[in-house]
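Participant: Below is model37.tsv; it holds TSV, C-alpha atoms and all ligand atoms.
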chain	number	residue	atom	x	y	z
X	1241	MET	CA	9.38	9.40	8.68
X	1242	ASN	CA	7.22	12.47	7.99
X	1243	ALA	CA	3.66	12.17	9.25
X	1244	PRO	CA	0.86	11.68	6.71
X	1245	THR	CA	-0.99	14.75	5.49
X	1246	THR	CA	-4.34	15.15	3.83
X	1247	GLY	CA	-3.28	17.36	0.91
X	1248	ASP	CA	-6.00	19.31	-0.86
X	1249	PHE	CA	-8.61	16.56	-0.70
X	1250	VAL	CA	-10.98	15.48	2.06
X	1251	LYS	CA	-10.18	11.95	3.17
X	1252	THR	CA	-12.85	9.27	3.23
X	1253	ALA	CA	-14.56	9.23	6.63
X	1254	GLY	CA	-12.80	6.86	9.01
X	1255	TRP	CA	-9.68	6.67	6.85
X	1256	LEU	CA	-6.69	5.19	8.68
X	1257	ASP	CA	-3.41	6.94	7.86
X	1258	TRP	CA	-0.24	4.92	7.35
X	1259	PHE	CA	1.89	4.49	10.45
X	1260	SER	CA	4.68	7.06	10.55
X	1261	GLY	CA	6.86	5.40	13.21
X	1262	PRO	CA	7.52	1.85	12.00
X	1263	SER	CA	9.82	-0.26	14.15
X	1264	LYS	CA	13.21	-1.37	12.92
X	1265	PRO	CA	12.67	-5.01	11.93
X	1266	GLN	CA	14.53	-7.68	13.84
X	1267	PHE	CA	14.63	-9.89	10.75
X	1268	LYS	CA	17.45	-8.76	8.49
X	1269	LEU	CA	16.24	-8.79	4.90
X	1270	PRO	CA	18.62	-10.38	2.38
X	1271	PRO	CA	20.54	-7.86	0.26
X	1272	GLY	CA	18.56	-6.93	-2.84
X	1273	THR	CA	15.11	-7.46	-1.27
X	1274	VAL	CA	12.23	-6.22	-3.41
X	1275	ASP	CA	9.00	-4.87	-1.91
X	1276	ALA	CA	6.86	-6.10	-4.81
X	1277	HIS	CA	3.56	-4.56	-3.75
X	1278	CYS	CA	3.26	-0.98	-2.58
X	1279	HIS	CA	1.56	2.20	-3.75
X	1280	VAL	CA	1.96	5.95	-3.88
X	1281	PHE	CA	-1.00	8.28	-3.24
X	1282	GLY	CA	-0.66	11.74	-4.73
X	1283	PRO	CA	0.25	14.06	-3.17
X	1284	GLY	CA	-3.18	15.20	-4.26
X	1285	SER	CA	-1.94	18.74	-4.79
X	1286	HIS	CA	0.42	17.49	-7.55
X	1287	PHE	CA	-1.33	14.36	-8.74
X	1288	PRO	CA	-5.09	14.75	-8.23
X	1289	TYR	CA	-7.12	11.73	-7.23
X	1290	ALA	CA	-9.35	10.38	-10.00
X	1291	PRO	CA	-12.97	11.55	-10.24
X	1292	GLU	CA	-14.16	7.93	-10.45
X	1293	ARG	CA	-12.27	6.85	-7.26
X	1294	LYS	CA	-14.07	4.88	-4.55
X	1295	TYR	CA	-12.01	6.32	-1.68
X	1296	THR	CA	-9.89	9.37	-0.95
X	1297	PRO	CA	-6.73	8.46	0.99
X	1298	CYS	CA	-4.18	10.47	2.93
X	1299	ASP	CA	-1.22	11.41	0.75
X	1300	ALA	CA	1.63	8.88	0.58
X	1301	SER	CA	4.37	10.32	-1.59
X	1302	LYS	CA	7.30	8.72	-3.39
X	1303	ASP	CA	9.73	10.29	-0.91
X	1304	GLN	CA	7.81	8.79	2.00
X	1305	LEU	CA	7.82	5.42	0.24
X	1306	PHE	CA	11.57	5.61	-0.40
X	1307	ALA	CA	12.16	6.59	3.25
X	1308	LEU	CA	10.27	3.47	4.34
X	1309	ARG	CA	12.26	1.37	1.85
X	1310	ASP	CA	15.52	2.53	3.40
X	1311	HIS	CA	14.27	2.19	6.98
X	1312	LEU	CA	13.21	-1.44	6.46
X	1313	GLY	CA	16.35	-2.46	4.57
X	1314	VAL	CA	14.51	-3.01	1.29
X	1315	SER	CA	16.46	-2.38	-1.95
X	1316	ARG	CA	13.75	-1.96	-4.56
X	1317	ASN	CA	10.03	-1.38	-4.97
X	1318	VAL	CA	7.31	-2.45	-7.35
X	1319	ILE	CA	4.73	0.33	-7.26
X	1320	VAL	CA	1.24	-0.80	-8.16
X	1321	GLN	CA	-1.16	1.80	-9.49
X	1322	ALA	CA	-3.76	2.45	-6.79
X	1323	THR	CA	-7.41	2.63	-7.75
X	1324	CYS	CA	-7.78	6.11	-6.22
X	1325	HIS	CA	-5.77	7.34	-9.23
X	1326	GLY	CA	-7.88	5.44	-11.77
X	1327	ALA	CA	-6.03	5.08	-15.09
X	1328	ASP	CA	-4.04	8.26	-14.52
X	1329	ASN	CA	-0.63	6.72	-13.89
X	1330	ARG	CA	1.32	9.97	-13.44
X	1331	ALA	CA	2.01	9.69	-9.70
X	1332	MET	CA	3.26	6.11	-10.07
X	1333	VAL	CA	5.36	6.90	-13.16
X	1334	ASP	CA	6.81	9.99	-11.46
X	1335	ALA	CA	7.92	7.76	-8.56
X	1336	LEU	CA	9.59	5.34	-11.00
X	1337	LEU	CA	11.41	8.18	-12.74
X	1338	HIS	CA	12.77	9.43	-9.39
X	1339	SER	CA	13.82	6.02	-8.10
X	1340	SER	CA	17.24	5.84	-9.81
X	1341	GLY	CA	16.12	2.61	-11.43
X	1342	ARG	CA	15.19	1.07	-8.09
X	1343	ALA	CA	11.46	0.89	-8.79
X	1344	ARG	CA	9.28	-0.80	-11.36
X	1345	GLY	CA	5.58	-0.20	-11.87
X	1346	VAL	CA	2.27	-1.87	-12.60
X	1347	ALA	CA	-0.22	0.40	-14.36
X	1348	THR	CA	-3.95	0.62	-14.92
X	1349	VAL	CA	-4.80	1.22	-18.58
X	1350	ARG	CA	-7.90	1.51	-20.73
X	1351	ARG	CA	-8.26	0.09	-24.23
X	1352	SER	CA	-7.92	3.62	-25.65
X	1353	ILE	CA	-4.23	3.75	-24.67
X	1354	ALA	CA	-1.86	4.30	-27.61
X	1355	ASP	CA	1.17	2.10	-28.26
X	1356	SER	CA	3.36	5.18	-27.81
X	1357	GLU	CA	1.96	5.63	-24.28
X	1358	ILE	CA	2.68	1.98	-23.45
X	1359	GLN	CA	6.21	2.45	-24.77
X	1360	ALA	CA	6.70	5.60	-22.66
X	1361	MET	CA	5.54	3.77	-19.54
X	1362	HIS	CA	7.83	0.85	-20.41
X	1363	ASP	CA	10.77	3.25	-20.70
X	1364	ALA	CA	9.87	4.63	-17.25
X	1365	GLY	CA	9.89	1.12	-15.72
X	1366	VAL	CA	6.32	-0.16	-15.97
X	1367	ARG	CA	6.24	-3.94	-16.45
X	1368	GLY	CA	2.61	-4.89	-15.98
X	1369	VAL	CA	-1.05	-3.93	-15.83
X	1370	ARG	CA	-3.48	-4.63	-13.03
X	1371	PHE	CA	-6.98	-5.98	-13.59
X	1372	ASN	CA	-9.09	-5.37	-10.51
X	1373	PHE	CA	-12.26	-7.35	-9.78
X	1374	VAL	CA	-12.85	-6.14	-6.23
X	1375	LYS	CA	-16.23	-4.49	-6.57
X	1376	ARG	CA	-15.79	-1.96	-3.73
X	1377	LEU	CA	-12.71	-0.55	-5.55
X	1378	VAL	CA	-13.59	-0.27	-9.24
X	1379	ASP	CA	-16.37	-0.10	-11.77
X	1380	PHE	CA	-16.89	-3.08	-14.04
X	1381	THR	CA	-14.71	-3.37	-17.15
X	1382	PRO	CA	-15.86	-5.79	-19.90
X	1383	LYS	CA	-13.72	-8.91	-20.25
X	1384	ASP	CA	-13.20	-8.35	-23.97
X	1385	GLU	CA	-11.55	-5.00	-23.18
X	1386	LEU	CA	-9.26	-6.65	-20.63
X	1387	LEU	CA	-8.34	-9.46	-23.02
X	1388	GLU	CA	-7.55	-6.92	-25.71
X	1389	ILE	CA	-5.28	-5.04	-23.29
X	1390	ALA	CA	-3.57	-8.27	-22.20
X	1391	GLY	CA	-2.90	-9.18	-25.81
X	1392	ARG	CA	-1.38	-5.77	-26.51
X	1393	ILE	CA	0.87	-5.50	-23.45
X	1394	ALA	CA	2.20	-9.03	-24.05
X	1395	LYS	CA	4.27	-7.52	-26.88
X	1396	TRP	CA	6.26	-5.58	-24.27
X	1397	ASN	CA	6.61	-8.76	-22.22
X	1398	TRP	CA	4.51	-7.19	-19.47
X	1399	HIS	CA	2.44	-9.32	-17.12
X	1400	VAL	CA	-1.07	-9.03	-15.69
X	1401	VAL	CA	-1.70	-8.57	-11.97
X	1402	ILE	CA	-5.14	-9.72	-10.88
X	1403	TYR	CA	-6.96	-8.66	-7.73
X	1404	PHE	CA	-10.12	-10.48	-6.71
X	1405	GLU	CA	-11.98	-11.95	-3.75
X	1406	ALA	CA	-11.70	-15.73	-3.24
X	1407	VAL	CA	-15.47	-16.22	-3.59
X	1408	ASP	CA	-15.27	-14.85	-7.14
X	1409	LEU	CA	-12.56	-17.22	-8.38
X	1410	PRO	CA	-14.94	-19.88	-9.81
X	1411	GLU	CA	-16.65	-17.27	-11.98
X	1412	LEU	CA	-13.36	-15.69	-13.08
X	1413	TRP	CA	-11.47	-18.96	-13.66
X	1414	ASP	CA	-12.01	-19.16	-17.45
X	1415	PHE	CA	-10.95	-15.56	-17.92
X	1416	PHE	CA	-7.81	-15.88	-15.78
X	1417	THR	CA	-6.73	-19.10	-17.46
X	1418	ALA	CA	-7.16	-17.53	-20.91
X	1419	LEU	CA	-4.68	-14.71	-20.21
X	1420	PRO	CA	-1.66	-14.97	-22.52
X	1421	THR	CA	0.95	-13.54	-20.14
X	1422	THR	CA	2.44	-14.26	-16.74
X	1423	VAL	CA	-0.37	-13.65	-14.24
X	1424	VAL	CA	0.35	-12.43	-10.70
X	1425	VAL	CA	-2.37	-12.86	-8.07
X	1426	ASP	CA	-2.59	-10.24	-5.33
X	1427	HIS	CA	-2.65	-11.41	-1.72
X	1428	MET	CA	-3.11	-15.14	-2.44
X	1429	GLY	CA	-6.52	-14.43	-3.95
X	1430	ARG	CA	-7.78	-13.02	-0.63
X	1431	PRO	CA	-8.71	-16.29	1.13
X	1432	ASP	CA	-11.14	-16.34	4.02
X	1433	VAL	CA	-8.61	-17.50	6.63
X	1434	ARG	CA	-11.36	-18.80	8.91
X	1435	GLN	CA	-11.74	-21.65	6.42
X	1436	PRO	CA	-9.20	-24.51	6.40
X	1437	VAL	CA	-6.16	-24.38	4.13
X	1438	GLU	CA	-7.31	-27.73	2.75
X	1439	GLY	CA	-10.91	-26.48	2.33
X	1440	ALA	CA	-12.65	-26.04	-1.00
X	1441	GLN	CA	-11.97	-22.32	-1.32
X	1442	PHE	CA	-8.19	-22.29	-0.93
X	1443	SER	CA	-7.84	-25.65	-2.73
X	1444	LEU	CA	-9.27	-24.01	-5.83
X	1445	PHE	CA	-6.63	-21.29	-5.64
X	1446	LEU	CA	-3.85	-23.86	-5.21
X	1447	LYS	CA	-5.28	-25.76	-8.19
X	1448	LEU	CA	-5.09	-22.58	-10.27
X	1449	MET	CA	-1.39	-22.27	-9.47
X	1450	ARG	CA	-0.70	-25.99	-9.88
X	1451	GLU	CA	-2.40	-26.34	-13.26
X	1452	HIS	CA	-1.21	-23.00	-14.68
X	1453	THR	CA	2.51	-22.49	-14.34
X	1454	ASN	CA	2.23	-18.92	-15.63
X	1455	VAL	CA	0.36	-17.98	-12.42
X	1456	TRP	CA	2.34	-16.42	-9.55
X	1457	SER	CA	1.13	-15.21	-6.17
X	1458	LYS	CA	1.95	-12.38	-3.82
X	1459	VAL	CA	1.96	-13.75	-0.28
X	1460	SER	CA	1.26	-10.24	0.93
X	1461	CYS	CA	-1.27	-8.57	3.22
X	1462	PRO	CA	-1.44	-10.73	6.34
X	1463	GLU	CA	-2.76	-7.60	8.06
X	1464	ARG	CA	-5.62	-7.42	5.54
X	1465	LEU	CA	-6.50	-11.12	5.61
X	1466	SER	CA	-6.09	-11.80	9.32
X	1467	VAL	CA	-9.08	-12.13	11.60
X	1468	LEU	CA	-6.90	-12.52	14.72
X	1469	GLY	CA	-4.96	-9.35	13.93
X	1470	PRO	CA	-1.63	-8.16	15.31
X	1471	PRO	CA	-0.26	-9.51	18.60
X	1472	ALA	CA	-1.65	-8.51	21.96
X	1473	LEU	CA	0.46	-5.92	23.74
X	1474	ASN	CA	2.25	-8.60	25.73
X	1475	GLY	CA	3.46	-9.92	22.37
X	1476	GLU	CA	2.85	-13.55	23.32
X	1477	ILE	CA	1.29	-14.60	20.06
X	1478	CYS	CA	2.96	-13.76	16.80
X	1479	ALA	CA	1.27	-11.27	14.51
X	1480	TYR	CA	-1.35	-12.43	12.01
X	1481	GLN	CA	-0.94	-16.06	13.08
X	1482	ASP	CA	-4.06	-17.21	11.21
X	1483	VAL	CA	-2.56	-16.23	7.85
X	1484	VAL	CA	0.67	-18.19	8.36
X	1485	PRO	CA	-0.59	-21.64	7.19
X	1486	PHE	CA	-1.94	-20.18	3.94
X	1487	ALA	CA	1.25	-18.32	2.99
X	1488	LEU	CA	3.46	-21.18	4.14
X	1489	ARG	CA	1.52	-23.56	1.93
X	1490	VAL	CA	1.85	-21.38	-1.18
X	1491	ILE	CA	5.56	-20.70	-0.63
X	1492	ASN	CA	6.38	-24.34	0.03
X	1493	GLU	CA	4.52	-25.60	-3.03
X	1494	PHE	CA	5.47	-22.82	-5.46
X	1495	PRO	CA	8.76	-21.36	-4.18
X	1496	ASP	CA	9.73	-20.01	-7.60
X	1497	ARG	CA	6.45	-18.17	-8.23
X	1498	VAL	CA	5.90	-16.14	-5.08
X	1499	LEU	CA	6.48	-12.46	-4.31
X	1500	TRP	CA	6.36	-10.45	-1.09
X	1501	GLY	CA	5.28	-6.85	-0.53
X	1502	THR	CA	4.35	-4.48	2.27
X	1503	ASP	CA	1.21	-3.04	0.62
X	1504	TRP	CA	2.25	0.31	2.11
X	1505	PRO	CA	0.36	2.69	2.60
X	1506	HIS	CA	-2.28	0.03	3.27
X	1507	PRO	CA	-5.43	1.45	1.70
X	1508	ASN	CA	-8.84	0.85	3.23
X	1509	LEU	CA	-7.86	-0.96	6.40
X	1510	LYS	CA	-10.64	-0.58	8.92
X	1511	ASP	CA	-9.45	-1.68	12.35
X	1512	HIS	CA	-5.71	-1.14	12.62
X	1513	MET	CA	-2.75	0.18	10.67
X	1514	PRO	CA	0.19	-2.24	10.65
X	1515	ASP	CA	3.69	-1.47	11.80
X	1516	ASP	CA	5.66	-2.14	8.59
X	1517	GLY	CA	8.60	-3.34	10.68
X	1518	LEU	CA	6.33	-6.03	12.06
X	1519	LEU	CA	5.36	-7.04	8.53
X	1520	VAL	CA	9.05	-7.67	7.80
X	1521	ASP	CA	9.36	-9.68	11.01
X	1522	PHE	CA	6.43	-11.82	9.79
X	1523	ILE	CA	8.48	-13.12	6.83
X	1524	PRO	CA	10.51	-15.90	8.56
X	1525	GLN	CA	7.26	-17.52	9.69
X	1526	ILE	CA	6.05	-17.98	6.13
X	1527	ALA	CA	9.47	-18.51	4.50
X	1528	PRO	CA	11.39	-20.37	7.19
X	1529	THR	CA	14.62	-21.15	5.33
X	1530	VAL	CA	17.30	-18.88	3.90
X	1531	GLU	CA	16.74	-20.40	0.46
X	1532	LEU	CA	12.97	-19.74	0.50
X	1533	GLN	CA	13.60	-16.20	1.72
X	1534	ARG	CA	16.08	-15.54	-1.08
X	1535	LYS	CA	13.66	-16.78	-3.74
X	1536	LEU	CA	10.68	-14.87	-2.30
X	1537	LEU	CA	12.45	-11.59	-1.65
X	1538	VAL	CA	15.18	-11.40	-4.30
X	1539	ASP	CA	15.36	-14.06	-7.03
X	1540	ASN	CA	11.69	-14.17	-8.04
X	1541	PRO	CA	11.00	-10.43	-8.16
X	1542	MET	CA	14.30	-9.80	-9.93
X	1543	ARG	CA	13.41	-12.41	-12.58
X	1544	LEU	CA	10.05	-10.77	-13.19
X	1545	TYR	CA	10.94	-7.07	-12.91
X	1546	TRP	CA	14.68	-6.76	-13.59
X	1547	PRO	CA	15.46	-9.78	-15.82
X	1548	GLU	CA	18.25	-7.86	-17.52
X	1549	GLU	CA	20.17	-7.87	-14.22
X	1550	GLN	CA	19.83	-11.62	-13.70
F	1601	LIG	C1	-4.20	-3.25	-1.96
F	1601	LIG	C2	-5.59	-3.41	-1.52
F	1601	LIG	C3	-6.62	-2.54	-1.67
F	1601	LIG	C4	-6.65	-1.38	-2.49
F	1601	LIG	C5	-6.01	-1.20	-3.67
F	1601	LIG	O1	-5.53	-0.01	-5.57
F	1601	LIG	C6	-6.19	-0.03	-4.54
F	1601	LIG	O2	-6.99	0.84	-4.22
F	1601	LIG	O3	-5.18	-2.09	-4.13
F	1601	LIG	C7	-7.86	-2.83	-0.93
F	1601	LIG	O4	-8.61	-1.90	-0.61
F	1601	LIG	O5	-8.11	-4.03	-0.65
F	1601	LIG	O6	-3.64	-4.15	-2.54
F	1601	LIG	O7	-3.65	-2.20	-1.75
Using structure tokens, write down the structure from this file.

Facilitator:
Amino acid sequence: MNAPTTGDFVKTAGWLDWFSGPSKPQFKLPPGTVDAHCHVFGPGSHFPYAPERKYTPCDASKDQLFALRDHLGVSRNVIVQATCHGADNRAMVDALLHSSGRARGVATVRRSIADSEIQAMHDAGVRGVRFNFVKRLVDFTPKDELLEIAGRIAKWNWHVVIYFEAVDLPELWDFFTALPTTVVVDHMGRPDVRQPVEGAQFSLFLKLMREHTNVWSKVSCPERLSVLGPPALNGEICAYQDVVPFALRVINEFPDRVLWGTDWPHPNLKDHMPDDGLLVDFIPQIAPTVELQRKLLVDNPMRLYWPEEQ
């Protein structure tokens, strides 16, 4: 895989570049596996980063993403608009258009978007919008604007992806439960994995999924949620062990509403950059049976993103 470059922009100080030598996973992904959460960054020389961005990444192009896809044994990607591109979806849409139909997208849009622009993105493969409530990533958008957008995109049968910190769920509950579409939660609502699975914080997230059958969850980002981190060099403990009980719990209780993704190129990690091969090898710990793996990796993402092929 080609090494990351900086392009024409100056990266945020301390930025960790994606890992250019991922291992070949030992776990063999089922045919048709979808990486349902990944991004493209730039390249900044072609697709400039947005003026309102909160970070400047290293470039992570569509070709580099597709090379990783093939290396890992993944069949398809869902490319989520990254906040460093704001509501300028050109880099993501360009990747979809060059994927030979093997990628779908999730966009960021403002209320000023025209129906013709939504239609053009739909034709390119966009199937959802992302509402981001993580304060270090985006400026505040009024809820009435988001509800208006959700109402409009519902006509294309798109869904809403929501990204938030677990501590903010109580305050956001009424808004989330009022959304008229399928709702996909990023990274299990970012639980604090030092708290118990049965504790108040994660119980509220499980309640959201239990009481609202339109809510799905990505069981992604163990590397982002883990406090223990990847294994020691002697490899005696498995990677991201402290995240396992949380993901296992969600997959076991809601096997038909879970998605998996790499989160490549892993924006804003501070202490280590994961080996994407290791992230694939993490999967059997959280989805221990062949049936759960098939639902998580193939059936569920295909139902949401390629229903016409079901
Ligand atoms: C993720 C997580 C992060 C960033 C973004 O769009 C983004 O900038 O999603 C993060 O910094 O937690 O899902 O990639």

Participant: Can you build me a table of chain X residues sitting at most 6 Å from ligand LIG 1601 (chain F), with the closest atom pair per residue and its distance in Å to one decimal, using all atoms listed in the file, sorted by chain and residue number, as a Markdown table?

Facilitator:
| residue | atom | partner | partner_atom | distance |
| --- | --- | --- | --- | --- |
| X:Ala1322 | CA | F:LIG1601 | O1 | 3.3 |
| X:Thr1323 | CA | F:LIG1601 | O1 | 3.9 |
| X:Cys1324 | CA | F:LIG1601 | O2 | 5.7 |
| X:Asp1503 | CA | F:LIG1601 | O7 | 5.5 |
| X:His1506 | CA | F:LIG1601 | O7 | 5.7 |
| X:Pro1507 | CA | F:LIG1601 | O4 | 5.2 |
| X:Asn1508 | CA | F:LIG1601 | O4 | 4.7 |

Participant: Which of these residues is nearest to Leu1444 (chain X), using only C-alpha atoms: X:Leu1468, X:Ile1319, X:Leu1532, X:Val1407?

Facilitator: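 Closest candidate: X:Val1407.
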
Participant: Excluding Lys1302 (chain X) and any residue of its chain fewer than 5 positions from it, enumerate the residues within 9 Å of it, using all atoms listed in the file, and give them as a compact mmCIF listing (two decimals) with C-alpha atoms, in the coordinates of the input.

Facilitator:
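Output saved as out33.txt:
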# COMPACT_ATOMS: atom_id res chain seq x y z
CA HIS X 1279 1.56 2.20 -3.75
CA VAL X 1280 1.96 5.95 -3.88
CA PHE X 1281 -1.00 8.28 -3.24
CA GLY X 1282 -0.66 11.74 -4.73
CA PRO X 1283 0.25 14.06 -3.17
CA ALA X 1307 12.16 6.59 3.25
CA ALA X 1331 2.01 9.69 -9.70
CA MET X 1332 3.26 6.11 -10.07
CA ASP X 1334 6.81 9.99 -11.46
CA ALA X 1335 7.92 7.76 -8.56
CA LEU X 1336 9.59 5.34 -11.00
CA HIS X 1338 12.77 9.43 -9.39
CA SER X 1339 13.82 6.02 -8.10

Participant: Padding 3 Å on every side, please: axis-aligned box over the listed atoms of region 1381-1393 of chain X, centre and edge lengths to one decimal in Å, as lines of an AutoDock Vina configuration file.

Facilitator:
center_x = -7.5
center_y = -6.4
center_z = -21.8
size_x = 22.7
size_y = 12.1
size_z = 15.4

Participant: Find the spatial neighbours of region 1431-1434 of chain X, counting all atoms listed in the file, within a cut-off of 8 Å - ignore same-chain residues fewer than 3 positions away - and output them as a list in words.

Facilitator: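 Final neighbour list, sorted by chain and number: Glu1405, Ala1406, Met1428, Val1437, Gln1441, Phe1442, Leu1465, Ser1466, Val1467, Asp1482, Val1483 and Phe1486 of chain X.
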